[in-house]
Every structure is written in C-alpha cells, then in structure tokens.
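Raw contents of structure-v8.csv, CSV, C-alpha atoms:
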chain,number,residue,atom,x,y,z
U,737,MET,CA,202.0,-173.1,-18.4
U,738,TRP,CA,203.4,-169.6,-18.1
U,739,SER,CA,205.1,-167.9,-21.0
U,740,VAL,CA,207.8,-165.4,-20.1
U,741,GLY,CA,210.2,-165.4,-23.0
U,742,GLU,CA,213.3,-167.7,-23.3
U,743,VAL,CA,213.5,-169.2,-19.8
U,744,TYR,CA,216.7,-170.3,-18.1
U,745,THR,CA,216.0,-171.1,-14.5
U,746,VAL,CA,213.2,-172.1,-12.1
U,747,LEU,CA,213.0,-172.2,-8.3
U,748,CYS,CA,210.1,-173.3,-6.0
U,749,SER,CA,209.5,-171.8,-2.6
U,750,PRO,CA,210.8,-174.0,0.2
U,751,THR,CA,207.7,-173.3,2.3
U,752,ASP,CA,204.8,-172.4,-0.1
U,753,GLY,CA,203.8,-175.4,-2.3
U,754,THR,CA,202.3,-173.1,-5.0
U,755,LEU,CA,204.9,-170.3,-5.2
U,756,VAL,CA,207.4,-170.4,-8.1
U,757,ALA,CA,210.0,-168.0,-9.5
U,758,THR,CA,211.3,-168.1,-13.1
U,759,GLY,CA,214.0,-166.0,-14.9
U,760,GLY,CA,214.8,-165.7,-18.6
U,761,GLY,CA,216.7,-164.2,-21.4
U,762,ASP,CA,214.4,-161.2,-21.6
U,763,ASP,CA,216.0,-159.8,-18.4
U,764,LYS,CA,212.8,-160.3,-16.5
U,765,GLY,CA,211.9,-162.5,-13.6
U,766,PHE,CA,208.4,-163.6,-12.6
U,767,LEU,CA,207.0,-164.8,-9.3
U,768,TRP,CA,203.8,-166.8,-9.9
U,769,LYS,CA,201.5,-169.3,-8.3
U,770,ILE,CA,200.6,-172.8,-9.5
U,771,GLY,CA,197.0,-173.0,-10.5
U,772,ARG,CA,196.6,-169.2,-10.6
U,773,GLY,CA,197.0,-168.1,-14.3
U,774,ASP,CA,195.9,-164.6,-13.4
U,775,TRP,CA,198.5,-164.0,-10.7
U,776,ALA,CA,202.1,-163.0,-11.5
U,777,PHE,CA,204.5,-160.5,-10.0
U,778,GLU,CA,207.3,-159.3,-12.3
U,779,LEU,CA,210.7,-159.1,-10.8
U,780,GLN,CA,213.5,-157.0,-12.3
U,781,ALA,CA,216.5,-167.2,-5.3
U,782,PHE,CA,214.5,-167.9,-2.4
U,783,SER,CA,216.0,-167.7,1.1
U,784,THR,CA,215.9,-170.9,3.1
U,785,ASP,CA,212.9,-169.6,5.1
U,786,GLY,CA,211.0,-168.7,1.9
U,787,GLN,CA,210.7,-165.0,2.9
U,788,LEU,CA,213.2,-163.5,0.5
U,789,LEU,CA,213.9,-163.8,-3.3
U,790,ALA,CA,217.0,-162.6,-5.0
U,791,SER,CA,217.3,-161.9,-8.7
U,792,GLY,CA,220.4,-160.8,-10.6
U,793,SER,CA,221.1,-159.4,-14.1
U,794,LEU,CA,224.0,-159.3,-16.5
U,795,GLU,CA,224.0,-155.6,-16.0
U,796,GLY,CA,225.3,-156.1,-12.4
U,797,LEU,CA,222.2,-155.4,-10.4
U,798,VAL,CA,221.0,-157.8,-7.6
U,799,GLN,CA,217.6,-157.1,-6.2
U,800,VAL,CA,216.2,-158.7,-3.1
U,801,TRP,CA,212.4,-158.9,-2.7
U,802,ASP,CA,210.2,-159.4,0.3
U,803,ILE,CA,207.8,-162.3,-0.8
U,804,ASN,CA,205.0,-161.5,1.7
U,805,SER,CA,204.7,-157.8,0.6
U,806,GLY,CA,206.0,-158.0,-2.9
U,807,ASN,CA,208.2,-155.0,-2.2
U,808,LEU,CA,211.8,-154.5,-3.2
U,809,LYS,CA,213.8,-154.8,0.0
U,810,CYS,CA,217.2,-153.7,-1.4
U,811,SER,CA,219.3,-153.3,-4.5
U,812,LEU,CA,223.0,-154.1,-4.8
U,813,GLU,CA,225.4,-153.1,-7.5
U,814,VAL,CA,227.9,-156.0,-7.9
U,815,GLY,CA,229.1,-156.3,-11.5
U,816,GLN,CA,228.0,-158.9,-14.1
U,817,VAL,CA,226.0,-161.6,-12.4
U,818,ALA,CA,226.2,-165.2,-13.5
U,819,SER,CA,224.2,-166.6,-10.6
U,820,LYS,CA,223.1,-165.8,-7.1
U,821,ARG,CA,221.6,-167.2,-4.0
U,822,ALA,CA,219.3,-165.4,-1.5
U,823,SER,CA,221.4,-166.9,1.2
U,824,GLY,CA,223.9,-164.3,0.2
U,825,LEU,CA,226.3,-166.0,-2.2
U,826,GLY,CA,226.8,-165.1,-5.9
U,827,TRP,CA,229.4,-165.2,-8.5
U,828,PHE,CA,230.5,-163.1,-11.4
U,829,ARG,CA,230.9,-164.0,-15.0
U,830,GLY,CA,234.5,-163.2,-14.2
U,831,SER,CA,236.5,-165.1,-11.6
U,832,SER,CA,235.3,-163.6,-8.3
U,833,ILE,CA,232.7,-164.5,-5.8
U,834,TRP,CA,230.9,-162.0,-3.5
U,835,MET,CA,228.8,-162.3,-0.4
U,836,TRP,CA,226.3,-159.9,1.1
U,837,ASN,CA,223.8,-159.6,4.0
U,838,ALA,CA,220.4,-159.3,2.4
U,839,ASP,CA,218.7,-158.2,5.6
U,840,LYS,CA,221.0,-155.2,6.1
U,841,SER,CA,221.7,-154.5,2.4
U,842,ALA,CA,225.4,-154.9,3.2
U,843,TYR,CA,228.3,-156.1,1.2
U,844,LEU,CA,230.4,-158.5,3.3
U,845,ASN,CA,233.2,-160.0,1.3
U,846,MET,CA,234.7,-160.9,-2.1
U,847,PHE,CA,236.7,-164.0,-2.8
U,848,SER,CA,239.2,-163.9,-5.6
U,849,GLY,CA,241.6,-166.6,-6.9
U,850,HIS,CA,240.0,-168.6,-9.7
U,851,GLY,CA,241.7,-168.2,-13.0
U,852,SER,CA,238.6,-168.3,-15.1
U,853,SER,CA,234.8,-167.9,-14.9
U,854,VAL,CA,233.1,-169.3,-11.7
U,855,THR,CA,230.5,-171.7,-13.0
U,856,CYS,CA,229.0,-173.3,-9.8
U,857,GLY,CA,229.2,-172.8,-6.0
U,858,ASP,CA,227.4,-173.0,-2.7
U,859,PHE,CA,227.6,-172.7,1.1
U,860,THR,CA,227.9,-176.0,2.9
U,861,PRO,CA,224.6,-176.7,4.7
U,862,ASP,CA,226.1,-175.8,8.1
U,863,GLY,CA,227.0,-172.4,6.7
U,864,LYS,CA,230.7,-172.7,7.7
U,865,THR,CA,232.3,-173.1,4.3
U,866,ILE,CA,231.9,-172.0,0.7
U,867,CYS,CA,232.8,-174.3,-2.2
U,868,THR,CA,233.2,-172.9,-5.8
U,869,GLY,CA,234.0,-174.5,-9.1
U,870,SER,CA,235.4,-172.8,-12.2
U,871,ASP,CA,236.2,-173.1,-15.8
U,872,ASP,CA,239.8,-173.3,-14.7
U,873,ALA,CA,239.2,-176.9,-13.7
U,874,THR,CA,239.6,-176.2,-10.0
U,875,LEU,CA,237.4,-176.4,-6.9
U,876,ARG,CA,238.2,-173.8,-4.2
U,877,ILE,CA,237.1,-174.1,-0.6
U,878,TRP,CA,236.7,-170.8,1.4
U,879,ASN,CA,236.3,-169.6,4.9
U,880,PRO,CA,233.4,-167.1,4.5
U,881,ARG,CA,234.3,-165.1,7.6
U,882,SER,CA,237.9,-164.5,6.8
U,883,GLY,CA,237.8,-164.8,3.1
U,884,GLU,CA,240.7,-167.3,3.3
U,885,ASN,CA,241.1,-169.8,0.5
U,886,ILE,CA,241.5,-173.0,2.5
U,887,HIS,CA,242.0,-175.5,-0.3
U,888,VAL,CA,242.5,-175.5,-4.0
U,889,VAL,CA,241.6,-178.9,-5.6
U,890,LYS,CA,243.3,-179.3,-9.0
U,891,GLY,CA,245.5,-181.7,-11.0
U,892,HIS,CA,245.5,-185.4,-11.0
U,893,PRO,CA,243.3,-187.2,-10.0
U,894,TYR,CA,240.9,-184.3,-10.3
U,895,HIS,CA,239.2,-182.8,-13.3
U,896,THR,CA,241.1,-182.0,-16.5
U,897,GLU,CA,238.5,-179.5,-17.9
U,898,GLY,CA,236.2,-176.9,-16.4
U,899,LEU,CA,233.6,-177.7,-13.7
U,900,THR,CA,229.9,-177.5,-14.7
U,901,CYS,CA,228.0,-178.5,-11.5
U,902,LEU,CA,228.4,-179.0,-7.8
U,903,THR,CA,226.5,-180.4,-4.9
U,904,ILE,CA,227.3,-180.8,-1.2
U,905,THR,CA,226.2,-183.6,1.2
U,906,SER,CA,223.8,-182.7,4.0
U,907,ASP,CA,226.5,-183.3,6.7
U,908,SER,CA,228.7,-180.7,5.0
U,909,THR,CA,231.6,-183.1,4.6
U,910,LEU,CA,231.8,-183.9,0.9
U,911,ALA,CA,231.5,-182.0,-2.3
U,912,LEU,CA,230.6,-183.8,-5.6
U,913,THR,CA,231.6,-182.0,-8.8
U,914,GLY,CA,231.0,-182.7,-12.5
U,915,SER,CA,233.0,-181.5,-15.4
U,916,LYS,CA,233.2,-181.0,-19.1
U,917,ASP,CA,235.7,-183.9,-19.1
U,918,GLY,CA,232.8,-186.4,-18.3
U,919,SER,CA,234.0,-187.2,-14.8
U,920,THR,CA,232.5,-186.7,-11.4
U,921,HIS,CA,234.8,-186.5,-8.3
U,922,ILE,CA,234.0,-186.6,-4.6
U,923,VAL,CA,236.1,-184.2,-2.5
U,924,ASN,CA,236.6,-184.2,1.3
U,925,ILE,CA,235.8,-180.5,2.2
U,926,THR,CA,237.9,-180.6,5.4
U,927,THR,CA,241.1,-182.0,3.8
U,928,GLY,CA,240.7,-180.8,0.2
U,929,LYS,CA,241.5,-184.3,-1.0
U,930,VAL,CA,239.7,-186.4,-3.8
U,931,VAL,CA,238.3,-189.4,-2.0
U,932,SER,CA,236.6,-191.1,-4.9
U,933,SER,CA,235.9,-190.8,-8.6
U,934,LEU,CA,232.7,-191.7,-10.6
U,935,ASN,CA,233.7,-192.4,-14.2
U,936,ALA,CA,231.1,-193.7,-16.6
U,937,HIS,CA,230.0,-190.7,-18.7
U,938,SER,CA,231.6,-190.2,-22.1
U,939,ASP,CA,230.8,-186.5,-22.5
U,940,SER,CA,230.2,-183.4,-20.3
U,941,VAL,CA,228.5,-184.0,-17.0
U,942,GLU,CA,225.8,-181.2,-16.9
U,943,CYS,CA,224.0,-181.9,-13.6
U,944,ILE,CA,224.3,-183.8,-10.3
U,945,GLY,CA,222.0,-184.5,-7.4
U,946,LEU,CA,222.0,-186.4,-4.1
U,947,ALA,CA,219.2,-188.6,-2.9
U,948,THR,CA,217.9,-187.7,0.5
U,949,SER,CA,216.9,-191.1,1.7
U,950,SER,CA,219.8,-193.3,0.5
U,951,PRO,CA,223.5,-193.0,-0.2
U,952,TRP,CA,223.0,-192.5,-3.9
U,953,ALA,CA,223.8,-189.7,-6.3
U,954,ALA,CA,222.6,-189.1,-9.9
U,955,THR,CA,224.5,-187.5,-12.7
U,956,GLY,CA,223.2,-186.4,-16.2
U,957,GLY,CA,225.4,-185.7,-19.2
U,958,MET,CA,225.6,-184.8,-22.8
U,959,ASP,CA,226.2,-188.4,-23.6
U,960,GLN,CA,222.5,-188.9,-23.3
U,961,LYS,CA,222.7,-190.7,-20.0
U,962,LEU,CA,221.4,-190.4,-16.5
U,963,ILE,CA,223.5,-192.5,-14.1
U,964,VAL,CA,222.4,-193.4,-10.6
U,965,TRP,CA,225.4,-194.1,-8.4
U,966,ASP,CA,226.0,-196.2,-5.2
U,967,LEU,CA,228.2,-193.8,-3.3
U,968,GLN,CA,229.3,-196.5,-0.8
U,969,HIS,CA,231.0,-198.4,-3.6
U,970,SER,CA,231.5,-195.7,-6.2
U,971,LEU,CA,229.7,-197.8,-8.8
U,972,PRO,CA,226.8,-197.2,-11.1
U,973,ARG,CA,223.5,-198.7,-10.0
U,974,CYS,CA,221.8,-198.1,-13.3
U,975,MET,CA,222.2,-196.2,-16.6
U,976,CYS,CA,219.1,-194.6,-18.1
U,977,GLU,CA,219.3,-193.8,-21.8
U,978,HIS,CA,217.8,-190.6,-23.3
U,979,GLU,CA,217.3,-189.5,-26.9
U,980,ASP,CA,219.5,-186.4,-26.4
U,981,GLY,CA,221.7,-184.8,-23.8
U,982,VAL,CA,220.5,-184.5,-20.2
U,983,THR,CA,220.7,-180.9,-19.0
U,984,CYS,CA,219.1,-181.0,-15.5
U,985,LEU,CA,217.8,-183.4,-12.8
U,986,SER,CA,215.9,-183.3,-9.6
U,987,TRP,CA,215.1,-186.0,-7.0
U,988,LEU,CA,211.4,-186.1,-6.1
U,989,GLY,CA,211.8,-185.4,-2.4
U,990,PRO,CA,212.6,-188.5,-0.3
U,991,SER,CA,211.1,-190.9,-2.8
U,992,ARG,CA,213.1,-193.3,-5.1
U,993,PHE,CA,212.0,-191.4,-8.2
U,994,LEU,CA,213.9,-188.6,-9.9
U,995,ALA,CA,213.2,-186.3,-12.9
U,996,THR,CA,215.4,-185.4,-15.8
U,997,GLY,CA,215.2,-182.5,-18.3
U,998,CYS,CA,216.6,-183.1,-21.8
U,999,VAL,CA,217.8,-181.3,-24.9
U,1000,ASP,CA,214.9,-183.0,-26.8
U,1001,GLY,CA,212.4,-180.9,-24.7
U,1002,LYS,CA,211.0,-183.9,-22.7
U,1003,VAL,CA,210.8,-184.3,-18.9
U,1004,ARG,CA,211.2,-187.9,-17.8
U,1005,LEU,CA,210.6,-189.6,-14.4
U,1006,TRP,CA,212.8,-192.5,-13.5
U,1007,ASP,CA,212.6,-195.3,-10.9
U,1008,SER,CA,216.1,-195.3,-9.3
U,1009,LEU,CA,215.7,-198.9,-8.1
U,1010,SER,CA,214.9,-200.4,-11.5
U,1011,GLY,CA,216.3,-197.8,-13.9
U,1012,ASP,CA,213.0,-197.7,-15.7
U,1013,CYS,CA,211.4,-194.6,-17.2
U,1014,VAL,CA,208.0,-194.5,-15.5
U,1015,ARG,CA,206.6,-191.3,-17.1
U,1016,THR,CA,207.4,-188.9,-19.9
U,1017,PHE,CA,206.0,-185.4,-19.9
U,1018,ARG,CA,205.7,-183.7,-23.3
U,1019,GLY,CA,204.8,-180.1,-24.3
U,1020,HIS,CA,208.1,-178.2,-24.5
U,1021,SER,CA,209.5,-177.6,-28.0
U,1022,ASP,CA,213.1,-176.9,-27.0
U,1023,ALA,CA,215.7,-177.8,-24.5
U,1024,ILE,CA,214.8,-178.0,-20.8
U,1025,GLN,CA,217.0,-175.7,-18.8
U,1026,SER,CA,215.9,-176.2,-15.2
U,1027,LEU,CA,213.6,-178.3,-12.9
U,1028,ALA,CA,212.2,-177.7,-9.5
U,1029,VAL,CA,209.9,-179.6,-7.1
U,1030,SER,CA,207.2,-177.7,-5.1
U,1031,ALA,CA,207.5,-177.7,-1.3
U,1032,ASN,CA,204.5,-180.0,-0.9
U,1033,GLY,CA,205.9,-182.5,-3.4
U,1034,GLU,CA,202.8,-182.4,-5.6
U,1035,PHE,CA,204.2,-180.5,-8.6
U,1036,LEU,CA,207.3,-180.5,-10.9
U,1037,VAL,CA,208.0,-177.3,-12.7
U,1038,SER,CA,210.1,-177.2,-15.8
U,1039,VAL,CA,211.4,-174.2,-17.9
U,1040,SER,CA,212.7,-174.3,-21.4
U,1041,LEU,CA,214.3,-172.3,-24.2
U,1042,ASP,CA,210.9,-172.4,-25.9
U,1043,GLY,CA,209.9,-169.6,-23.6
U,1044,THR,CA,207.5,-171.5,-21.3
U,1045,ALA,CA,207.3,-172.8,-17.8
U,1046,ARG,CA,205.2,-175.9,-17.4
U,1047,VAL,CA,203.7,-177.6,-14.3
U,1048,PHE,CA,203.3,-181.4,-14.0
U,1049,GLU,CA,201.5,-183.3,-11.2
U,1050,ILE,CA,203.8,-185.8,-9.5
U,1051,SER,CA,202.0,-186.6,-6.2
U,1052,GLU,CA,201.7,-190.3,-7.2
U,1053,TYR,CA,205.5,-190.7,-7.2
U,1054,GLN,CA,206.0,-189.5,-3.6

Can the structure from this file be put into structure tokens for me?
Amino acid sequence: MWSVGEVYTVLCSPTDGTLVATGGGDDKGFLWKIGRGDWAFELQAFSTDGQLLASGSLEGLVQVWDINSGNLKCSLEVGQVASKRASGLGWFRGSSIWMWNADKSAYLNMFSGHGSSVTCGDFTPDGKTICTGSDDATLRIWNPRSGENIHVVKGHPYHTEGLTCLTITSDSTLALTGSKDGSTHIVNITTGKVVSSLNAHSDSVECIGLATSSPWAATGGMDQKLIVWDLQHSLPRCMCEHEDGVTCLSWLGPSRFLATGCVDGKVRLWDSLSGDCVRTFRGHSDAIQSLAVSANGEFLVSVSLDGTARVFEISEYQ
C-alpha cells in the first residue's frame, strides 16, 4: 500500500513488472516499485517502450521524465490538462487536443472542433489516426499529420449524451465508445459509420476494455453491472452484478479473467466464461478510480479516493 493523498490514476510500466506511477488530487505524482516500500520518486504516462513517463497538471504544465535516470527530460506549457499520454497525445479540459514530440520537446499540432470538453481519446495502435470523444456526444477521427478532421460521428444511431470512455481494436479498424446515455457503440474508423450497438446498461457506461485472446469486450456502468459482450454477435455473454457503480476495469492479460473497481471500494475478479466472481479484494475505504496490471502479470494495482494505492497478487489467474 502506498499513500499519496486522494489518488485518481495508476499506470504500470509496460516493460518493468515492478514499476508503477500514480497521480492524485494533491497535484503530485509518484513513481514507485512494488515490494519496495522505501523507494519512491516524486513527479511534479509511460511511453510504449517504458522509457518515458509524462505527467500533467491542471495548471497547464506537462513534464516528461526519463525513467532510467529519474531526470526531467522536458517541460511543456500547454494549458489546463485533463489527461495525457507519453506517446504524445493529450487533451484540454476545454475542447482542443494537442500533440507533441517528447524526444525533441517540440509542439507538433493542435486539433480543434469539439463543442465541449474532450473526455477520452487515443492513437490507433498503428499510429496513423487519432480518435477523440467529447461531452458534446461526438467522436472525432483525425489525421495526426495534417490535423484534418476526417470524420465526425454524431446523431442517430450514435450517442445522445457525452462520451465517457473509448478503446480501439488492435488492428486499428474499430473504436468502441461508452456514454452517459448507457449505450456502447462500435464505429468503423475508416468510414466513420456506426457498425453495431451494445445496449444493455441502464445508466452511464464508465469503462470499456477489449479482451486480447477472444472477440469479447467488457463494459462497466453506474447501473452496478459489468457486462461481457460477444462482439461477433453484439450480444451480452454474461452480466455481473455489483453492490455499487463500476468505475474501472482491466482484463488480466490474455487470460479469461478481468478485474473491476467499484464505488464501494472493492476490487473484484471475474471469470468471463462463467460470469462468476472468483475473488474480492478489500482494503480501500472509498471509490476505486483506476486499475492497472503489472507487465509480468503478477500484480494488480488499484488506486482510490481514500488516498491509497494497493497491490494485489493475481498470478494464479493468468
């Protein structure tokens, strides 16, 4: 357990099975190691190779850190930061998205067009496209090189309320988005068309994740449900009931198990084949905000509004 004040987000290194970064409401970030209670480096998102970590503050400062040396690599003044990625993508609490080159400390481009706050977004895995979702109930698809807005996805049969979460398939062809309206839609990134809808939640969809070893997705919502979907048929495989709203989820690597974080402060592990809850981790006293799995698959890290980060052993579920 690591106490760092009210904690909002956690990220595990993609290459080091013990390295974890957390950020909280006290405007601080910490880089720490699982099993090393005496080792922590204070920061004021890991790159895909695990060598860089980017942190952003509401004051508009993004700092990029070299993980090996612990030194600050560069600082970027960008405006109020809602989220950021060490790959070079971030978005404002306003309606714009910006992109930079962390290696060269260089601003590259800004993307404007959303009519309200940008709430989620990412590069496609092939790096050729950016997808962003907003409180304006639209998904925008961008060309990162030219800054061109390729598609705007909105209106029937798409979401009627703001987007809350987004994920992209590994082949970079489809974007899955969740919304306050309780729906999840699947969009063809190339055409900008809605190809399928996943409708079973009765309240806001807060999180979404894709399985790596099967054509399944999972969504969690404030209706106290985790739903595992068969994407080939756009139908629920199973519904997993919680005692309170589901705020975050994470598949445990290529296994059939996944974890959920809940408003009730509990972390639960689920078998996606049977829909059974196979383990409940207790210890947090407030809502879980984020989950992350270590690179070696042995640990699950959770962070909560109670001001703690906790580490759970999950190797038996791999």

Worksheet item: Closest to Gly765 in chain U among U:Val798, U:Cys856, U:Gly753, U:Trp836, using only C-alpha atoms?
Response: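 So, comparing all the options, the nearest one is U:Val798.
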
Discussion item. Using only C-alpha atoms, can you tell me which of U:Thr927, U:Cys998, U:Ser853, U:Leu767 comes closest to Gly956 in chain U?
Written reply: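 Of the candidates, the smallest distance to Gly956 in chain U is held by U:Cys998.
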
Discussion item. Just checking: using all atoms listed in the file, which residue out of U:Val931, U:Cys867, U:Ala1045, U:Val941 ends up closest to Leu899 in chain U?
Written reply: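 The closest residue to Leu899 in chain U is U:Val941.
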
Worksheet item: Residues at most 8 Å from Asp939 in chain U, counting all atoms listed in the file, excluding those fewer than 4 positions away in the same chain, as JSON, numbers by chain?
Response: {"U": [916, 917, 918, 957, 958, 959]}

Discussion item. Counting only C-alpha atoms, find residues at most 12 Å from (237.3, -161.4, 7.6) (file frame) and give them as a ChimeraX atom specification.
Written reply: /U:835,844-847,878-885

Worksheet item: Which residue, U:Ser811, U:Thr874, U:Asp1007, U:Gly1043, has the smallest gap to Ile1024 in chain U when you use all atoms listed in the file?
Response: U:Gly1043

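Neighbours of Ser940 in chain U closer than or equal to 12 Å, with all atoms listed in the file counted and sequence neighbours fewer than 5 positions away skipped, come out as His895, Thr896, Glu897, Gly898, Leu899, Thr900, Cys901, Thr913, Gly914, Ser915, Lys916, Asp917, Gly918, Ser919, Thr920, Asn935, Thr955, Gly956, Gly957, Met958, Asp959, Gln960, Lys961, Leu962, Gly981, Val982 and Thr983 of chain U.
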
Discussion item. One number please: CA of Asp1042 in chain U to CA of Arg772 in chain U, in Å, one decimal.
Written reply: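 About the pair CA of Asp1042 in chain U and CA of Arg772 in chain U: they are 21.2 Å apart.
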
Return range 895-913 of chain U, completed with N, CA, C and O atoms, as an mmCIF file, in the coordinates of the input.
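Printed below is out_14.cif as written:
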data_model
loop_
_atom_site.group_PDB
_atom_site.id
_atom_site.type_symbol
_atom_site.label_atom_id
_atom_site.label_comp_id
_atom_site.auth_asym_id
_atom_site.auth_seq_id
_atom_site.Cartn_x
_atom_site.Cartn_y
_atom_site.Cartn_z
ATOM 1 N N HIS U 895 239.655 -183.073 -11.989
ATOM 2 C CA HIS U 895 239.200 -182.800 -13.300
ATOM 3 C C HIS U 895 240.286 -182.208 -14.236
ATOM 4 O O HIS U 895 241.165 -181.478 -13.764
ATOM 5 N N THR U 896 240.187 -182.495 -15.526
ATOM 6 C CA THR U 896 241.100 -182.000 -16.500
ATOM 7 C C THR U 896 240.501 -180.809 -17.318
ATOM 8 O O THR U 896 241.208 -180.118 -18.052
ATOM 9 N N GLU U 897 239.182 -180.621 -17.189
ATOM 10 C CA GLU U 897 238.500 -179.500 -17.900
ATOM 11 C C GLU U 897 237.580 -178.819 -16.857
ATOM 12 O O GLU U 897 237.448 -179.243 -15.707
ATOM 13 N N GLY U 898 236.946 -177.738 -17.303
ATOM 14 C CA GLY U 898 236.200 -176.900 -16.400
ATOM 15 C C GLY U 898 235.027 -177.604 -15.710
ATOM 16 O O GLY U 898 234.420 -178.539 -16.245
ATOM 17 N N LEU U 899 234.730 -177.143 -14.495
ATOM 18 C CA LEU U 899 233.600 -177.700 -13.700
ATOM 19 C C LEU U 899 232.293 -177.122 -14.232
ATOM 20 O O LEU U 899 232.222 -175.963 -14.641
ATOM 21 N N THR U 900 231.262 -177.941 -14.188
ATOM 22 C CA THR U 900 229.900 -177.500 -14.700
ATOM 23 C C THR U 900 228.873 -177.547 -13.590
ATOM 24 O O THR U 900 227.882 -176.833 -13.701
ATOM 25 N N CYS U 901 229.046 -178.366 -12.566
ATOM 26 C CA CYS U 901 228.000 -178.500 -11.500
ATOM 27 C C CYS U 901 228.639 -178.978 -10.230
ATOM 28 O O CYS U 901 229.732 -179.559 -10.215
ATOM 29 N N LEU U 902 227.919 -178.726 -9.145
ATOM 30 C CA LEU U 902 228.400 -179.000 -7.800
ATOM 31 C C LEU U 902 227.278 -179.255 -6.865
ATOM 32 O O LEU U 902 226.251 -178.573 -6.950
ATOM 33 N N THR U 903 227.431 -180.205 -5.956
ATOM 34 C CA THR U 903 226.500 -180.400 -4.900
ATOM 35 C C THR U 903 227.221 -180.805 -3.625
ATOM 36 O O THR U 903 228.343 -181.336 -3.713
ATOM 37 N N ILE U 904 226.635 -180.586 -2.450
ATOM 38 C CA ILE U 904 227.300 -180.800 -1.200
ATOM 39 C C ILE U 904 226.427 -181.725 -0.318
ATOM 40 O O ILE U 904 225.204 -181.528 -0.262
ATOM 41 N N THR U 905 227.016 -182.699 0.354
ATOM 42 C CA THR U 905 226.200 -183.600 1.200
ATOM 43 C C THR U 905 225.654 -182.864 2.384
ATOM 44 O O THR U 905 226.171 -181.830 2.827
ATOM 45 N N SER U 906 224.557 -183.389 2.911
ATOM 46 C CA SER U 906 223.800 -182.700 4.000
ATOM 47 C C SER U 906 224.611 -182.548 5.258
ATOM 48 O O SER U 906 224.318 -181.661 6.059
ATOM 49 N N ASP U 907 225.637 -183.394 5.469
ATOM 50 C CA ASP U 907 226.500 -183.300 6.700
ATOM 51 C C ASP U 907 227.660 -182.338 6.467
ATOM 52 O O ASP U 907 228.528 -182.228 7.337
ATOM 53 N N SER U 908 227.708 -181.683 5.308
ATOM 54 C CA SER U 908 228.700 -180.700 5.000
ATOM 55 C C SER U 908 230.150 -181.237 4.914
ATOM 56 O O SER U 908 231.126 -180.488 5.027
ATOM 57 N N THR U 909 230.297 -182.526 4.668
ATOM 58 C CA THR U 909 231.600 -183.100 4.600
ATOM 59 C C THR U 909 232.186 -183.342 3.244
ATOM 60 O O THR U 909 233.412 -183.330 3.049
ATOM 61 N N LEU U 910 231.309 -183.542 2.238
ATOM 62 C CA LEU U 910 231.800 -183.900 0.900
ATOM 63 C C LEU U 910 231.153 -183.003 -0.160
ATOM 64 O O LEU U 910 229.988 -182.625 -0.067
ATOM 65 N N ALA U 911 231.963 -182.680 -1.172
ATOM 66 C CA ALA U 911 231.500 -182.000 -2.300
ATOM 67 C C ALA U 911 231.616 -182.879 -3.555
ATOM 68 O O ALA U 911 232.658 -183.517 -3.754
ATOM 69 N N LEU U 912 230.546 -182.988 -4.343
ATOM 70 C CA LEU U 912 230.600 -183.800 -5.600
ATOM 71 C C LEU U 912 230.547 -182.776 -6.742
ATOM 72 O O LEU U 912 229.699 -181.889 -6.796
ATOM 73 N N THR U 913 231.494 -182.926 -7.666
ATOM 74 C CA THR U 913 231.600 -182.000 -8.800
ATOM 75 C C THR U 913 231.623 -182.728 -10.108
ATOM 76 O O THR U 913 232.213 -183.802 -10.236
#
